[in-house]
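A.B. asks: Quick one: this structure, given as structure tokens, is what I'll be asking you about.
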Amino acid sequence: SVLSRYENQITILSDYLEEFPETDDPVWILGRQHHLNTDKSKLLLDISARLWFTYRRKFSPIGGTGPSSDTGWGCMLRCGQMMLAQALICRHLGRDWQWEKHKKQPEEYHRILRCFLDRKDCCYSIHQMAQMGVGEGKSIGEWFGPNTVAQVLKKLALFDEWNSLAVYVSMDNTVVIEDIKKMCWSPAQSSGVAHSSAHLHRSALGQNKNTTGLCPGWKPLLLIIPLRLGINHINPVYIDAFKECFKMPQSLGALGGKPNNAYYFIGFLGNELIYLDPHTTQSFVDSEENGTVDDKSFHCQQAPHRMKIMNLDPSVALGFFFKEECDFDNWCSLVQKEILKQQSLRMFELVQKHPPHWPPFIPPTKPEVTTTGAELIESTDKLFELEEEFEILSV
């Protein structure tokens with residue numbers, strides 16, 4: 001009955017969507033500038049190309065006996081999926097890749113989509129995220145905040161060999177350049193233990209073989225910066241810097257919203273934020289026999305939502321993606337020029353060296369769990385039991 005009540009309360013998108021106003025102000029979407037007067041169609045194409053993850057129903061119960069829908073509690077997890085999916089699009093297809101309905105898409109696109117399907121054997125599924133959240137103190141079915149989602153994505157990325165992402169979640173509003181370079185240039189770890197949790201995840205999470213995993217080099221970086229931009233309301237002093245982040249070519253937008261209402265913010269127009277809203281319940285979609293995914297429900301094909309920046313809850317998380325080291329170096333220069341030097345009250349800090357009063361930085365690696373003669377365990381449910389038993393938590 002609770003689920004039915006939530007589903008009945010879902011607002012139909014067309015009831016409160018507005019067309020963009022007539023204005024000369026530019027619209028910024030994830031590092032790209034659009035002008036409504038000259039290229040509105042390109043703007044809408046750019047927005048519809050972003051992968052849109054919403055509540056789903058009728059998937060297999062999480063953990064075998066848990067919920068089969070995330071309506072009412074999974075919105076921040078869906079927003080985290082959207083931010084990560086944008087990073088994977090940039091990694092494999094490029095920021096300028098466009099989606100068109102009924103147009104054949106490359107295999108990498110379908111492979112990215114398969115990472116997020118609502119199945120326990122997909123590496124970034126609602127099942128994996130909800131169960132990994134237990135290690136962050138969140139019960140399955142409990143609402144997540146931006147920082148919790150960031151920590152969950154950091155843990156899950158350790159088992160994803162195909163995308164081979166380094167995920168850095170900043171601490172204390174501070175991004176440490178030295179730590180990031182250490183993590184992204186760490187030689188890849190080989191997984192030689194047959195019954196390690198890494199092996200279990202590869203088996204359970206599916207098709208994650210990595211042909212470049214043993215070659216040292218810069219690992220593409222997903223940087224997430226959780227922030228508190230005020231106490232009860234966003235402090236106006238941060239607004240210009242916050243908007244500036246959406247102009248950066250490395251931008252993945254921001255996670256945030258209102259209390260217990262999460263949105264994926266992808267840009268702004270004037271003093272309004274533009275966002276994708278996960279609060280629509282759709283039916284579970286699985287992949288076809290040939291590996292493709294019916295993707296119509298994974299792209300929002302209507303004008304996006306907008307909200308005034310001052311209505312934003314102050315708890316947010318910024319996201320950025322750096323495929324190469326030079327992308328990260330360029331971003332550091334932009335931050336110094338456009339954010340840090342302009343701000344009396346800084347939104348976050350960017351420092352070269354690891355703070356001496358912090359614990360030493362150790363790049364996270366896949367946790368290993370050995371078994372004693374037991375058969376290979378295929379289920380990720382068993383993995384979590386093992387992690388509890390051996391008190392293994394990712395860094």
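Residues in the structure tokens are named by chain (A, B, ... in the order shown) and by number from 1 within that chain; ligands are numbered from 1 in the order shown.
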Please produce, as JSON lines, a per-residue contact table for stretch 285-379 of chain A versus stretch 19-23 of chain A (criterion: any atom at most 12 Å away, only C-alpha atoms considered), showing the nearest atom pair and its distance in Å to one decimal, sorted by chain then residue number.

C.D. replies:
```
{"residue": "A:Gln302", "atom": "CA", "partner": "A:Glu19", "partner_atom": "CA", "distance": 9.3}
{"residue": "A:Ala303", "atom": "CA", "partner": "A:Glu19", "partner_atom": "CA", "distance": 6.3}
{"residue": "A:Pro304", "atom": "CA", "partner": "A:Glu19", "partner_atom": "CA", "distance": 8.4}
{"residue": "A:His305", "atom": "CA", "partner": "A:Glu19", "partner_atom": "CA", "distance": 9.1}
{"residue": "A:Arg306", "atom": "CA", "partner": "A:Phe20", "partner_atom": "CA", "distance": 9.1}
```

A.B. asks: Can you list, as a ChimeraX atom specification, every residue of stretch 191-357 of chain A that DSSP puts in strand (DSSP E)?

C.D. replies: /A:221-228,251-258,261-269,272-276,281-283,305-308,315-322,349-351

A.B. asks: I need the chosen residues saved as a PDB file, in the first residue's frame, with C-alpha atoms.

C.D. replies:
```
ATOM      1  CA  LEU A 221      39.274   9.755 -13.264  1.00  0.00           C
ATOM      2  CA  LEU A 222      35.844  10.416 -11.815  1.00  0.00           C
ATOM      3  CA  LEU A 223      36.196  13.182  -9.239  1.00  0.00           C
ATOM      4  CA  ILE A 224      33.301  13.760  -6.831  1.00  0.00           C
ATOM      5  CA  ILE A 225      33.388  16.700  -4.416  1.00  0.00           C
ATOM      6  CA  PRO A 226      30.716  16.528  -1.695  1.00  0.00           C
ATOM      7  CA  LEU A 227      29.998  20.014  -0.342  1.00  0.00           C
ATOM      8  CA  ARG A 228      27.879  21.822   2.199  1.00  0.00           C
ATOM      9  CA  SER A 251      31.828  18.906 -15.806  1.00  0.00           C
ATOM     10  CA  LEU A 252      29.574  15.987 -14.894  1.00  0.00           C
ATOM     11  CA  GLY A 253      27.077  18.270 -13.184  1.00  0.00           C
ATOM     12  CA  ALA A 254      25.975  17.917  -9.580  1.00  0.00           C
ATOM     13  CA  LEU A 255      23.948  15.700  -7.275  1.00  0.00           C
ATOM     14  CA  GLY A 256      21.549  17.432  -4.930  1.00  0.00           C
ATOM     15  CA  GLY A 257      18.016  18.706  -4.695  1.00  0.00           C
ATOM     16  CA  LYS A 258      15.730  19.196  -1.727  1.00  0.00           C
ATOM     17  CA  ASN A 261      14.160  14.706  -3.201  1.00  0.00           C
ATOM     18  CA  ALA A 262      17.250  14.140  -5.333  1.00  0.00           C
ATOM     19  CA  TYR A 263      17.888  15.595  -8.789  1.00  0.00           C
ATOM     20  CA  TYR A 264      20.740  15.373 -11.283  1.00  0.00           C
ATOM     21  CA  PHE A 265      21.747  18.932 -12.171  1.00  0.00           C
ATOM     22  CA  ILE A 266      23.294  19.250 -15.630  1.00  0.00           C
ATOM     23  CA  GLY A 267      23.444  22.995 -16.238  1.00  0.00           C
ATOM     24  CA  PHE A 268      21.920  26.405 -15.704  1.00  0.00           C
ATOM     25  CA  LEU A 269      20.188  29.344 -17.340  1.00  0.00           C
ATOM     26  CA  GLU A 272      17.914  28.667 -12.594  1.00  0.00           C
ATOM     27  CA  LEU A 273      19.435  25.193 -12.493  1.00  0.00           C
ATOM     28  CA  ILE A 274      18.530  22.649 -15.179  1.00  0.00           C
ATOM     29  CA  TYR A 275      18.090  19.077 -13.997  1.00  0.00           C
ATOM     30  CA  LEU A 276      16.957  15.580 -14.862  1.00  0.00           C
ATOM     31  CA  THR A 281       8.332   5.052 -12.102  1.00  0.00           C
ATOM     32  CA  GLN A 282       8.911   2.929 -15.192  1.00  0.00           C
ATOM     33  CA  SER A 283       8.892  -0.829 -15.678  1.00  0.00           C
ATOM     34  CA  HIS A 305      13.048  20.831 -15.332  1.00  0.00           C
ATOM     35  CA  ARG A 306      14.372  24.067 -13.878  1.00  0.00           C
ATOM     36  CA  MET A 307      14.559  25.393 -10.345  1.00  0.00           C
ATOM     37  CA  LYS A 308      15.905  28.557  -8.739  1.00  0.00           C
ATOM     38  CA  SER A 315      24.161  19.519   0.574  1.00  0.00           C
ATOM     39  CA  VAL A 316      25.462  18.773  -2.948  1.00  0.00           C
ATOM     40  CA  ALA A 317      28.177  16.830  -4.744  1.00  0.00           C
ATOM     41  CA  LEU A 318      29.991  18.137  -7.815  1.00  0.00           C
ATOM     42  CA  GLY A 319      31.252  15.708 -10.445  1.00  0.00           C
ATOM     43  CA  PHE A 320      34.080  15.959 -12.995  1.00  0.00           C
ATOM     44  CA  PHE A 321      35.645  13.520 -15.462  1.00  0.00           C
ATOM     45  CA  PHE A 322      39.225  13.455 -16.742  1.00  0.00           C
ATOM     46  CA  GLU A 349      40.105  23.913  -1.662  1.00  0.00           C
ATOM     47  CA  LEU A 350      42.568  22.612  -4.249  1.00  0.00           C
ATOM     48  CA  VAL A 351      45.977  21.811  -2.721  1.00  0.00           C
TER      49      VAL A 351
END
```

A.B. asks: If we count only C-alpha atoms and set the cut-off at 10 Å, which residues sit around A:Cys90, ignoring sequence neighbours fewer than 5 positions away in its own chain? Please answer as number ranges by chain.

C.D. replies: A: 84-85, 95-97, 250, 252, 321-323

A.B. asks: Restricted to N, CA, C and O atoms, what would the selected residues look like written as an mmCIF file, in the first residue's frame?

C.D. replies:
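See selection_36.cif below for the written result:
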```cif
data_model
loop_
_atom_site.group_PDB
_atom_site.id
_atom_site.type_symbol
_atom_site.label_atom_id
_atom_site.label_comp_id
_atom_site.auth_asym_id
_atom_site.auth_seq_id
_atom_site.Cartn_x
_atom_site.Cartn_y
_atom_site.Cartn_z
ATOM 1 N N LEU A 84 27.513 8.940 -13.093
ATOM 2 C CA LEU A 84 28.504 7.953 -13.499
ATOM 3 C C LEU A 84 28.342 7.592 -14.970
ATOM 4 O O LEU A 84 29.332 7.462 -15.702
ATOM 5 N N ALA A 85 27.097 7.436 -15.417
ATOM 6 C CA ALA A 85 26.857 7.105 -16.833
ATOM 7 C C ALA A 85 27.405 8.187 -17.745
ATOM 8 O O ALA A 85 27.959 7.891 -18.818
ATOM 9 N N ARG A 95 32.285 13.467 -25.211
ATOM 10 C CA ARG A 95 31.272 14.413 -24.753
ATOM 11 C C ARG A 95 30.329 14.834 -25.866
ATOM 12 O O ARG A 95 29.144 15.144 -25.613
ATOM 13 N N ASP A 96 30.790 14.855 -27.108
ATOM 14 C CA ASP A 96 29.960 15.347 -28.206
ATOM 15 C C ASP A 96 29.085 14.268 -28.836
ATOM 16 O O ASP A 96 28.367 14.543 -29.804
ATOM 17 N N TRP A 97 29.141 13.057 -28.310
ATOM 18 C CA TRP A 97 28.267 11.996 -28.818
ATOM 19 C C TRP A 97 26.805 12.395 -28.646
ATOM 20 O O TRP A 97 26.423 12.977 -27.643
ATOM 21 N N GLN A 250 35.105 19.651 -18.269
ATOM 22 C CA GLN A 250 35.188 18.379 -17.558
ATOM 23 C C GLN A 250 33.965 18.118 -16.686
ATOM 24 O O GLN A 250 33.888 17.102 -15.986
ATOM 25 N N LEU A 252 30.591 17.041 -14.903
ATOM 26 C CA LEU A 252 29.574 15.987 -14.894
ATOM 27 C C LEU A 252 28.328 16.457 -14.143
ATOM 28 O O LEU A 252 27.477 15.653 -13.785
ATOM 29 N N PHE A 321 35.012 14.684 -14.834
ATOM 30 C CA PHE A 321 35.645 13.520 -15.462
ATOM 31 C C PHE A 321 36.886 13.946 -16.225
ATOM 32 O O PHE A 321 36.874 14.956 -16.931
ATOM 33 N N PHE A 322 37.948 13.154 -16.088
ATOM 34 C CA PHE A 322 39.225 13.455 -16.742
ATOM 35 C C PHE A 322 39.736 12.197 -17.422
ATOM 36 O O PHE A 322 40.238 11.277 -16.765
ATOM 37 N N LYS A 323 39.609 12.151 -18.723
ATOM 38 C CA LYS A 323 40.063 10.960 -19.457
ATOM 39 C C LYS A 323 41.578 10.875 -19.485
ATOM 40 O O LYS A 323 42.159 9.798 -19.414
#
```

A.B. asks: Quick one: residues within 6 Å of A:Gln352, only C-alpha atoms counted, chain neighbours fewer than 4 positions away excluded, as a list in words?

C.D. replies: Val176, Ile177 and Glu178 of chain A

A.B. asks: Dump N, CA and C atoms for the selected residues as a short mmCIF file (atom, residue, chain, number, x, y, z; two decimals), in the first residue's frame?

C.D. replies:
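The file below, result_8.cif, is the result:
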```cif
data_model
loop_
_atom_site.label_atom_id
_atom_site.label_comp_id
_atom_site.auth_asym_id
_atom_site.auth_seq_id
_atom_site.Cartn_x
_atom_site.Cartn_y
_atom_site.Cartn_z
N VAL A 176 43.12 17.00 -3.28
CA VAL A 176 44.57 16.92 -3.14
C VAL A 176 45.17 16.39 -4.45
N ILE A 177 45.87 17.27 -5.15
CA ILE A 177 46.43 16.91 -6.46
C ILE A 177 47.40 15.73 -6.34
N GLU A 178 48.25 15.76 -5.34
CA GLU A 178 49.24 14.70 -5.16
C GLU A 178 48.57 13.33 -5.01
#
```

A.B. asks: Skipping near chain neighbours, those fewer than 6 positions away, what residues fall within 8 Å of stretch 127-136 of chain A using only C-alpha atoms, listed as number ranges by chain?

C.D. replies: A: 62-63, 77, 118-120, 148-149, 151-153, 155-156, 384, 393

A.B. asks: Write out as JSON, numbers by chain the residues lying within 8 Å of A:Tyr55, counting only C-alpha atoms and excluding same-chain residues fewer than 2 positions away.

C.D. replies: {"A": [53, 57, 69, 70, 71, 74, 75, 78, 278, 279, 280, 281, 282]}

A.B. asks: Find the spatial neighbours of A:Ile239, counting only C-alpha atoms, within a cut-off of 12 Å - ignore same-chain residues fewer than 4 positions away - and output them as an MDAnalysis selection string.

C.D. replies: chainID A and resid 229:230 233:235 243:246 268 270:273 308:312 314 339 343 345:347

A.B. asks: Please determine, counting only C-alpha atoms, which residue among A:Ser41, A:Gln336, A:Glu108, A:Asp46 has the shortest atom-to-atom distance to A:Trp28.

C.D. replies: A:Asp46

A.B. asks: Quick one: pull the distance between atom CA of A:Trp52 and atom CA of A:Gly80, Å, one decimal.

C.D. replies: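 These two atoms are separated by 10.8 Å.
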
A.B. asks: For a quick check of understanding, using only C-alpha atoms, which of A:Asp121, A:Glu142, A:Glu288, A:Glu107 has the smallest distance to A:Gly72?

C.D. replies: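 Looking at the shortest contact to A:Gly72, the residue is A:Glu142.
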